[in-house]
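Trainee: Have a look at the structure that comes next, please.
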Amino acid sequence: MGGERQGTGPETAAKPEAATSFIVATFNRHKAAELFDLLAFPGVTLVSLADWPGAESPEETGATLLENARIKARAAVSLTGLPAIADDTGLEVDALDGAPGVHAARYSGPGATYASNVAKLLRELHGVPAERRTARFRTVCVAAWPDGRELQAEGALEGTITEAPRGEHGFGYDPVFQPAGETRAYAELSEREKNAISHRGRAARALGVLLAASTR
């Protein structure tokens with residue numbers, strides 16, 4: 001598993017018209033900043049949903065990353081009437097049978113924080129040897145239009161879970177995730193280094209290719 005995969009559904013057979021504005025459907029300021037950097041396409045204006053009056057985060061009831069990304073994108077389209085881009089990211093830990101997976105943001109229960117999620121993950125992996133701590137971040141990005149059209153793309157980053165948090169950059173599980181081939185934790189990498197290899201970067205760049213092709 002890993003790398004990036006581009007996927008399109010039946011809705012993508014029709015060629016969407018060029019859009020000058022997309023709503024970036026997230027209330028997470030860290031994620032929004034990262035997506036703004038990654039989705040800076042020429043001629044496209046990106047607007048954060050967090051800055052839209054009356055915007056609220058929809059309940060993420062999907063069983064998969066794709067379903068949750070679609071829920072968020074469609075909710076933003078319904079509210080604003082503009083095309084929207086949303087993503088959903090999960091952390092898949094092999095020794096935990098793929099957990100926390102799609103529930104990564106709420107892994108430690110109601111009121112979960114970055115710190116409480118990381119603490120629970122490290123407790124669950126206590127005593128698991130390094131060779132069995134393999135994991136991956138996986139992101140699915142969805143672009144949705146008011147007429148129902150859709151594009152989707154996926155990216156993944158392989159790595160391992162460290163025994164203790166390291167680094168001050170990033171958010172979420174970044175301090176305990178060490179990318180494959182790296183000696184540093186994800187949170188020890190600069191933003192430029194992260195964007196070059198990140199799961200979200202791979203998904204966003206793949207989506208960008210599809211968006212560019214769809215507007216030719």
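Residue numbering restarts at 1 in every chain; chains get A, B, ... in the order shown in the structure tokens, and ligands count up from 1 in that same order.
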List as a VMD selection string the protein and nucleic acid residues near region 121-137 of chain A, meaning an atom at most 7 Å away when only C-alpha atoms are counted, but skip any in the same chain fewer than 3 places from it.
Mentor: chain A and resid 89 to 95 117 to 118 156 to 161 163 199
Trainee: Pick out each residue of region 82-186 of chain A that DSSP on the backbone tags as strand (DSSP E or B); I need them as a PDB file with C-alpha atoms, in the first residue's frame.
Mentor:
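Heads up, here's the output in part-v4.pdb:
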ATOM      1  CA  ALA A  84     -15.768  23.010  -3.003  1.00  0.00           C
ATOM      2  CA  ILE A  85     -12.695  20.948  -2.218  1.00  0.00           C
ATOM      3  CA  ALA A  86     -12.544  18.772   0.879  1.00  0.00           C
ATOM      4  CA  ASP A  87     -10.249  16.101   2.177  1.00  0.00           C
ATOM      5  CA  ASP A  88     -10.281  13.436   4.827  1.00  0.00           C
ATOM      6  CA  THR A  89      -7.202  11.827   6.291  1.00  0.00           C
ATOM      7  CA  GLY A  90      -6.684   8.679   8.294  1.00  0.00           C
ATOM      8  CA  LEU A  91      -3.784   6.977  10.019  1.00  0.00           C
ATOM      9  CA  GLU A  92      -3.606   3.235   9.410  1.00  0.00           C
ATOM     10  CA  VAL A  93      -1.452   1.298  11.897  1.00  0.00           C
ATOM     11  CA  PRO A 100      -7.409   4.483  14.064  1.00  0.00           C
ATOM     12  CA  GLY A 101      -8.145   4.768  10.332  1.00  0.00           C
ATOM     13  CA  THR A 134       4.462   0.170  10.390  1.00  0.00           C
ATOM     14  CA  ALA A 135       1.766   2.653   9.444  1.00  0.00           C
ATOM     15  CA  ARG A 136       0.656   5.069   6.780  1.00  0.00           C
ATOM     16  CA  PHE A 137      -1.156   8.362   6.477  1.00  0.00           C
ATOM     17  CA  ARG A 138      -3.816   8.260   3.773  1.00  0.00           C
ATOM     18  CA  THR A 139      -5.699  11.244   2.336  1.00  0.00           C
ATOM     19  CA  VAL A 140      -8.620  11.414  -0.086  1.00  0.00           C
ATOM     20  CA  CYS A 141      -9.438  14.760  -1.745  1.00  0.00           C
ATOM     21  CA  VAL A 142     -12.771  15.473  -3.414  1.00  0.00           C
ATOM     22  CA  ALA A 143     -13.715  18.416  -5.626  1.00  0.00           C
ATOM     23  CA  ALA A 144     -17.483  18.855  -5.982  1.00  0.00           C
ATOM     24  CA  GLU A 150     -17.065  15.341  -8.839  1.00  0.00           C
ATOM     25  CA  LEU A 151     -13.360  14.587  -9.005  1.00  0.00           C
ATOM     26  CA  GLN A 152     -11.439  12.568  -6.444  1.00  0.00           C
ATOM     27  CA  ALA A 153      -7.813  11.655  -5.793  1.00  0.00           C
ATOM     28  CA  GLU A 154      -5.844   9.799  -3.135  1.00  0.00           C
ATOM     29  CA  GLY A 155      -2.343   9.927  -1.661  1.00  0.00           C
ATOM     30  CA  ALA A 156      -0.537   7.917   1.007  1.00  0.00           C
ATOM     31  CA  LEU A 157       2.710   8.158   2.951  1.00  0.00           C
ATOM     32  CA  GLU A 158       4.307   5.056   4.449  1.00  0.00           C
ATOM     33  CA  GLY A 159       6.221   5.098   7.723  1.00  0.00           C
ATOM     34  CA  THR A 160       6.395   3.849  11.298  1.00  0.00           C
ATOM     35  CA  ILE A 161       5.113   4.986  14.683  1.00  0.00           C
ATOM     36  CA  PHE A 177       5.095   9.333  12.657  1.00  0.00           C
ATOM     37  CA  GLN A 178       8.451   8.702  11.003  1.00  0.00           C
ATOM     38  CA  PRO A 179       8.233   8.627   7.194  1.00  0.00           C
TER      39      PRO A 179
END
Trainee: Residues of region 29-177 of chain A in helix (DSSP H, G or I) according to DSSP, as an MDAnalysis selection string?
Mentor: chainID A and resid 29:38 49:51 65:80 94:96 104:106 114:124 130:132 174:176
Trainee: What does the structure give for the distance between CA of Ala187 (chain A) and CA of Ala164 (chain A), in Å to one decimal?
Mentor: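 Calculated distance between CA of Ala187 (chain A) and CA of Ala164 (chain A) is 11.9 Å.
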Trainee: Quick one: residues within 10 Å of Tyr114 (chain A), only C-alpha atoms, excluding same-chain residues fewer than 5 positions away - as a PyMOL selection string?
Mentor: chain A and resi 104-108+119+171-174
Trainee: How would the residues just picked look written out with C-alpha atoms as a compact mmCIF listing (two decimals), in the first residue's frame?
Mentor:
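Printed below is again05.txt as written:
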# COMPACT_ATOMS: atom_id res chain seq x y z
CA ALA A 104 -8.08 9.27 13.56
CA ALA A 105 -9.34 12.71 14.60
CA ARG A 106 -11.66 11.26 17.27
CA TYR A 107 -9.53 8.29 18.32
CA SER A 108 -9.51 9.10 22.04
CA ALA A 119 -1.27 9.37 24.01
CA PHE A 171 -0.13 18.72 14.06
CA GLY A 172 -2.09 15.60 14.90
CA TYR A 173 0.02 12.46 14.82
CA ASP A 174 2.99 14.16 13.12
Trainee: Rank nothing, just name the residue among A:Gly111, A:Pro53, A:Gly170, A:Val24 nearest to Ala69 (chain A), using only C-alpha atoms.
Mentor: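 Answer, going by the shortest atom-to-atom distance: A:Val24.
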